[in-house]
Amino acid sequence: MEYTEIVTQQGTLRGAVVNGARVWKGIPYARPPVGDLRFRAPQPAEAWEGVRDALAFGPICPQPAPPETSLFGSNAVEMSEDCLHLNVWAPEPAGSALPVMVWIHGGAFVSGASSLPLYDGTQLALRGDCVVVSLNYRLGALGFLHVSPLGEGFDSNTGLLDQVCALEWVRANIAAFGGDPDAVTLFGESAGAMSIAALLAMPAARGLFHRAVLQSGAAQSMPAAQAESISAGFLRRLGVDGGNLERLKTLGAEELLAAAAQMGSEAESAGVTLPFQPAVEPGTLPVEPLQAVAEGSAAGIPLIVGTNRDEGVFFFHDESQVMAPEALIDTLRAMTGQEDVTEWLKEYPPTLAGQADMMTDLYFWRSALAFAEAQSRHAPVWMYRFDWTLPGHPFFGAAMHAVEIPFVFGNLVLLPRMGVRLEPVMQNLSDAMREAWQGFAKAGDPSTGALPWAPYAEDGRTTMVFGMTAVPENDPQREKRERIFGAAL
């Protein structure tokens, strides 16, 4: 194996040249958030002497384990609260002042890791001549339990603060890897995109990145009162109260996971989709992300925002998931904010397909449109929709949540293990998406010579539709958009 060394502000790292790219894995960007640092804002990583190996991914945050046969299998790396590590891919030979792309993984704020093969940055680094960074952050209760009201010694939104700390590391160190700290683009999917929406609103993140891509996720946060209610229920399950708060620092991670699993079931029955998510609170996220962006918190930061055509199929795919009519009515009331949902039931009947469409339209599409509209007043925004499918395939038979990720990363080589035969049209689509994302990272505009792409604006609502080919459409599904969202979106 050919090794490569780099000097960071913390010390020297030994990476490797793998498949033509220089790679450093498992780089600590913060001190282990354990003991007294559990439920606290991250502290910068300590320096080391000598040469530190960066040849293997670091541990992932404690979480429920996904099936190893899925796209989201995790390479069997260990789980540990000492999880605040990041990874860097860079071209070989080394470049200088290259655009930087920082990936924030999804997983409903309770699962996921930067070490998934799906997120390997080799193709982006080599074919796009850029530096790619991926990072772990705290998940579930460890990252998103609203505990700042408990007093000194407890911080909320620590998962978001981890991301800020990683971006500070990037600003301080990425030039040593050939990257330009003044050309940092965030891109993320699902909870990763929702994290980016929060970062666009967070005072602590200002100036740390310059462009962003939100894939299948936009503004998502919980009001402080609701977040406190979730936190109180979680603490009761652990037997923690005002007289023994120190137990929160000493309980085993498995006890936290068990309590979180129980809270998840309770939250779903109460109509809370994500019991662990960013909380609006003064110290970290003072204003709800959509409102903050509408008011100019991210002025000057161009965005790409998009969704997949059949997002909801990922979440509703088995007949056993069909809601009782009363449950569907409650869900529609929560999603629409309206007491009378008679008209909504005509759009989303109590069937599996109706529920999937409800999730696609009301949770993903509407949020993306609202976020694009809000930011388009302050910076250019480009909109997309991913439509590609492989008819008959159990996963890729619909353009569901997450299926665009291997196309963006150029990692189609992973798909045969899921029974997909690679075809030239798939590689062409992947190239078009990758080149658009990387053109955006380089110049702030995803248009390429082969793919002209106009910004999203109310008069045209240009949306790039990535199907068997990439084609711009003006206001796709206009009648449906106006019928269910009104002309304002």
# chains A, B, ... in the order shown; residues from 1 in each chain; ligands from 1
call {"tool": "residues_around", "arguments": {"residues": "segment 458-474 of chain A", "least_positions_apart": "3", "cutoff": "12 Å", "atoms": "only C-alpha atoms", "output": "MDAnalysis selection string"}}
result
chainID A and resid 304:309 368:370 372:374 376:377 381:390 398:399 403:404 407:408 423:434 436 446:448 450:455 477:478 481 487:489
call {"tool": "write_last_selection", "arguments": {"atoms": "C-alpha atoms", "output": "mmCIF file, in the first residue's frame"}}
result
data_model
loop_
_atom_site.group_PDB
_atom_site.id
_atom_site.type_symbol
_atom_site.label_atom_id
_atom_site.label_comp_id
_atom_site.auth_asym_id
_atom_site.auth_seq_id
_atom_site.Cartn_x
_atom_site.Cartn_y
_atom_site.Cartn_z
ATOM 1 C CA ILE A 304 -29.656 23.291 -4.938
ATOM 2 C CA VAL A 305 -32.882 21.892 -3.463
ATOM 3 C CA GLY A 306 -34.745 18.804 -4.609
ATOM 4 C CA THR A 307 -36.747 15.695 -3.910
ATOM 5 C CA ASN A 308 -37.393 12.284 -5.396
ATOM 6 C CA ARG A 309 -40.668 11.694 -7.202
ATOM 7 C CA ALA A 368 -38.538 21.756 -0.454
ATOM 8 C CA LEU A 369 -40.702 24.244 -2.340
ATOM 9 C CA ALA A 370 -41.098 26.450 0.724
ATOM 10 C CA ALA A 372 -36.493 27.182 -2.208
ATOM 11 C CA GLU A 373 -38.997 30.052 -2.281
ATOM 12 C CA ALA A 374 -37.624 31.508 0.938
ATOM 13 C CA SER A 376 -34.590 32.536 -3.701
ATOM 14 C CA ARG A 377 -35.234 36.050 -2.365
ATOM 15 C CA VAL A 381 -31.642 28.540 -6.023
ATOM 16 C CA TRP A 382 -31.818 25.591 -8.389
ATOM 17 C CA MET A 383 -34.573 22.977 -8.080
ATOM 18 C CA TYR A 384 -34.514 19.326 -9.154
ATOM 19 C CA ARG A 385 -36.618 16.165 -9.025
ATOM 20 C CA PHE A 386 -35.208 12.633 -9.324
ATOM 21 C CA ASP A 387 -37.465 10.346 -11.399
ATOM 22 C CA TRP A 388 -35.254 7.432 -12.521
ATOM 23 C CA THR A 389 -36.633 3.969 -11.794
ATOM 24 C CA LEU A 390 -35.882 0.355 -12.620
ATOM 25 C CA ALA A 398 -39.834 3.593 -7.521
ATOM 26 C CA ALA A 399 -37.940 6.872 -7.319
ATOM 27 C CA VAL A 403 -32.128 6.236 -4.437
ATOM 28 C CA GLU A 404 -30.386 9.273 -5.948
ATOM 29 C CA PHE A 407 -25.851 8.597 -8.756
ATOM 30 C CA VAL A 408 -24.578 11.771 -7.070
ATOM 31 C CA GLU A 423 -26.647 0.134 -18.123
ATOM 32 C CA PRO A 424 -25.044 3.052 -20.015
ATOM 33 C CA VAL A 425 -28.131 5.214 -19.435
ATOM 34 C CA MET A 426 -27.540 4.900 -15.689
ATOM 35 C CA GLN A 427 -23.918 5.961 -15.985
ATOM 36 C CA ASN A 428 -24.932 8.902 -18.177
ATOM 37 C CA LEU A 429 -27.454 10.004 -15.549
ATOM 38 C CA SER A 430 -24.900 9.658 -12.777
ATOM 39 C CA ASP A 431 -22.377 11.680 -14.764
ATOM 40 C CA ALA A 432 -24.942 14.433 -15.352
ATOM 41 C CA MET A 433 -25.801 14.704 -11.651
ATOM 42 C CA ARG A 434 -22.216 14.450 -10.444
ATOM 43 C CA ALA A 436 -23.884 19.429 -11.982
ATOM 44 C CA PRO A 446 -24.864 23.682 -11.633
ATOM 45 C CA SER A 447 -25.258 24.439 -15.331
ATOM 46 C CA THR A 448 -22.844 22.615 -17.612
ATOM 47 C CA ALA A 450 -24.282 19.580 -21.737
ATOM 48 C CA LEU A 451 -26.932 20.527 -19.163
ATOM 49 C CA PRO A 452 -28.161 24.145 -19.101
ATOM 50 C CA TRP A 453 -30.078 24.662 -15.847
ATOM 51 C CA ALA A 454 -31.882 27.921 -15.066
ATOM 52 C CA PRO A 455 -32.413 29.064 -11.464
ATOM 53 C CA GLN A 477 -47.104 19.049 -11.670
ATOM 54 C CA ARG A 478 -48.334 22.634 -11.606
ATOM 55 C CA ARG A 481 -49.012 22.017 -6.668
ATOM 56 C CA ALA A 487 -50.358 29.527 -5.638
ATOM 57 C CA ALA A 488 -47.961 30.738 -2.934
ATOM 58 C CA LEU A 489 -45.889 27.560 -3.299
#
call {"tool": "residues_around", "arguments": {"residues": "segment 88-100 of chain A", "least_positions_apart": "5", "cutoff": "7 Å", "atoms": "only C-alpha atoms", "output": "PDB file with C-alpha atoms, in the first residue's frame"}}
result
ATOM      1  CA  GLY A  20      -6.128   6.483  -7.416  1.00  0.00           C
ATOM      2  CA  ALA A  21      -7.239   8.894  -4.668  1.00  0.00           C
ATOM      3  CA  ARG A  22      -5.512  10.002  -1.488  1.00  0.00           C
ATOM      4  CA  VAL A  23      -7.645   9.031   1.495  1.00  0.00           C
ATOM      5  CA  TRP A  24      -7.473   9.815   5.202  1.00  0.00           C
ATOM      6  CA  LYS A  25     -10.038   8.125   7.443  1.00  0.00           C
ATOM      7  CA  GLY A 121     -15.804  10.039  -2.071  1.00  0.00           C
ATOM      8  CA  THR A 122     -13.280   8.554  -4.501  1.00  0.00           C
ATOM      9  CA  ALA A 125     -12.507  13.564  -5.837  1.00  0.00           C
ATOM     10  CA  LEU A 126     -10.977  12.041  -8.956  1.00  0.00           C
ATOM     11  CA  ASP A 129     -10.983  17.414  -9.098  1.00  0.00           C
ATOM     12  CA  CYS A 130     -12.181  18.383  -5.633  1.00  0.00           C
ATOM     13  CA  VAL A 131     -11.645  17.517  -1.986  1.00  0.00           C
ATOM     14  CA  VAL A 132     -14.441  15.514  -0.345  1.00  0.00           C
ATOM     15  CA  VAL A 133     -15.102  15.386   3.397  1.00  0.00           C
ATOM     16  CA  SER A 134     -17.602  13.201   5.230  1.00  0.00           C
ATOM     17  CA  ALA A 175      -5.803  23.750   2.636  1.00  0.00           C
ATOM     18  CA  PHE A 177      -5.197  18.559   1.702  1.00  0.00           C
ATOM     19  CA  GLY A 178      -5.384  20.812  -1.365  1.00  0.00           C
ATOM     20  CA  GLY A 179      -8.803  22.284  -0.605  1.00  0.00           C
ATOM     21  CA  ASP A 180      -9.944  25.898  -0.644  1.00  0.00           C
ATOM     22  CA  ALA A 183     -15.079  27.344  -1.451  1.00  0.00           C
ATOM     23  CA  VAL A 184     -16.877  24.895   0.844  1.00  0.00           C
ATOM     24  CA  THR A 185     -20.116  23.293  -0.349  1.00  0.00           C
ATOM     25  CA  ALA A 441     -19.302  23.397  -5.865  1.00  0.00           C
ATOM     26  CA  LYS A 442     -16.705  24.964  -8.129  1.00  0.00           C
TER      27      LYS A 442
END
call {"tool": "select_by_dssp", "arguments": {"residues": "segment 119-335 of chain A", "states": "strand (DSSP E or B)", "output": "ChimeraX atom specification"}}
result
/A:131-135,179-189,211-215,222,279,281,285,303-308
call {"tool": "residues_around", "arguments": {"residues": "Phe144 of chain A", "least_positions_apart": "2", "cutoff": "6 Å", "atoms": "only C-alpha atoms", "output": "PyMOL selection string"}}
result
chain A and resi 140-141+157+276-277
call {"tool": "residues_around", "arguments": {"residues": "Ile230 of chain A", "least_positions_apart": "2", "cutoff": "9 Å", "atoms": "only C-alpha atoms", "output": "PyMOL selection string"}}
result
chain A and resi 145-146+225-228+232-235+263+267+275-276
call {"tool": "select_by_dssp", "arguments": {"residues": "segment 84-184 of chain A", "states": "helix (DSSP H, G or I)", "output": "PyMOL selection string"}}
result
chain A and resi 117-119+122-128+140-144+148-150+158-177
call {"tool": "write_last_selection", "arguments": {"atoms": "C-alpha atoms", "output": "PDB file, in the first residue's frame"}}
result
ATOM      1  CA  PRO A 117     -19.626   2.452   1.105  1.00  0.00           C
ATOM      2  CA  LEU A 118     -22.435   4.440  -0.515  1.00  0.00           C
ATOM      3  CA  TYR A 119     -20.679   7.644   0.614  1.00  0.00           C
ATOM      4  CA  THR A 122     -13.280   8.554  -4.501  1.00  0.00           C
ATOM      5  CA  GLN A 123     -15.188   9.215  -7.714  1.00  0.00           C
ATOM      6  CA  LEU A 124     -16.107  12.759  -6.720  1.00  0.00           C
ATOM      7  CA  ALA A 125     -12.507  13.564  -5.837  1.00  0.00           C
ATOM      8  CA  LEU A 126     -10.977  12.041  -8.956  1.00  0.00           C
ATOM      9  CA  ARG A 127     -13.537  12.879 -11.633  1.00  0.00           C
ATOM     10  CA  GLY A 128     -14.414  16.309 -10.275  1.00  0.00           C
ATOM     11  CA  GLY A 140     -30.515  10.208  18.750  1.00  0.00           C
ATOM     12  CA  ALA A 141     -30.619  11.347  22.353  1.00  0.00           C
ATOM     13  CA  LEU A 142     -26.869  11.963  22.399  1.00  0.00           C
ATOM     14  CA  GLY A 143     -27.143  14.526  19.620  1.00  0.00           C
ATOM     15  CA  PHE A 144     -30.704  15.828  19.730  1.00  0.00           C
ATOM     16  CA  SER A 148     -30.180  22.853  27.872  1.00  0.00           C
ATOM     17  CA  PRO A 149     -33.120  23.723  30.202  1.00  0.00           C
ATOM     18  CA  LEU A 150     -31.552  21.337  32.739  1.00  0.00           C
ATOM     19  CA  THR A 158     -25.119  18.817  20.152  1.00  0.00           C
ATOM     20  CA  GLY A 159     -25.393  16.924  16.855  1.00  0.00           C
ATOM     21  CA  LEU A 160     -25.618  20.234  15.003  1.00  0.00           C
ATOM     22  CA  LEU A 161     -22.811  21.684  17.091  1.00  0.00           C
ATOM     23  CA  ASP A 162     -20.700  18.668  16.084  1.00  0.00           C
ATOM     24  CA  GLN A 163     -21.268  19.604  12.448  1.00  0.00           C
ATOM     25  CA  VAL A 164     -20.223  23.187  13.172  1.00  0.00           C
ATOM     26  CA  CYS A 165     -17.077  21.907  14.911  1.00  0.00           C
ATOM     27  CA  ALA A 166     -16.270  19.717  11.879  1.00  0.00           C
ATOM     28  CA  LEU A 167     -16.685  22.717   9.581  1.00  0.00           C
ATOM     29  CA  GLU A 168     -14.353  24.736  11.799  1.00  0.00           C
ATOM     30  CA  TRP A 169     -11.826  21.907  11.418  1.00  0.00           C
ATOM     31  CA  VAL A 170     -12.285  22.085   7.650  1.00  0.00           C
ATOM     32  CA  ARG A 171     -11.704  25.831   7.622  1.00  0.00           C
ATOM     33  CA  ALA A 172      -8.502  25.438   9.650  1.00  0.00           C
ATOM     34  CA  ASN A 173      -7.042  22.365   7.936  1.00  0.00           C
ATOM     35  CA  ILE A 174      -8.436  21.682   4.466  1.00  0.00           C
ATOM     36  CA  ALA A 175      -5.803  23.750   2.636  1.00  0.00           C
ATOM     37  CA  ALA A 176      -3.214  21.161   3.690  1.00  0.00           C
ATOM     38  CA  PHE A 177      -5.197  18.559   1.702  1.00  0.00           C
TER      39      PHE A 177
END
call {"tool": "atom_distance", "arguments": {"atom1": "atom CA of Asn411 of chain A", "atom2": "atom CA of Ala356 of chain A"}}
result
27.1 Å
call {"tool": "residues_around", "arguments": {"residues": "segment 46-53 of chain A", "least_positions_apart": "5", "cutoff": "8 Å", "atoms": "only C-alpha atoms", "output": "VMD selection string"}}
result
chain A and resid 9 to 15 30 to 31
call {"tool": "residues_around", "arguments": {"residues": "Ala379 of chain A", "least_positions_apart": "2", "cutoff": "6 Å", "atoms": "only C-alpha atoms", "output": "list in words"}}
result
Gly300, Ile301, Pro302 and Ser376 of chain A
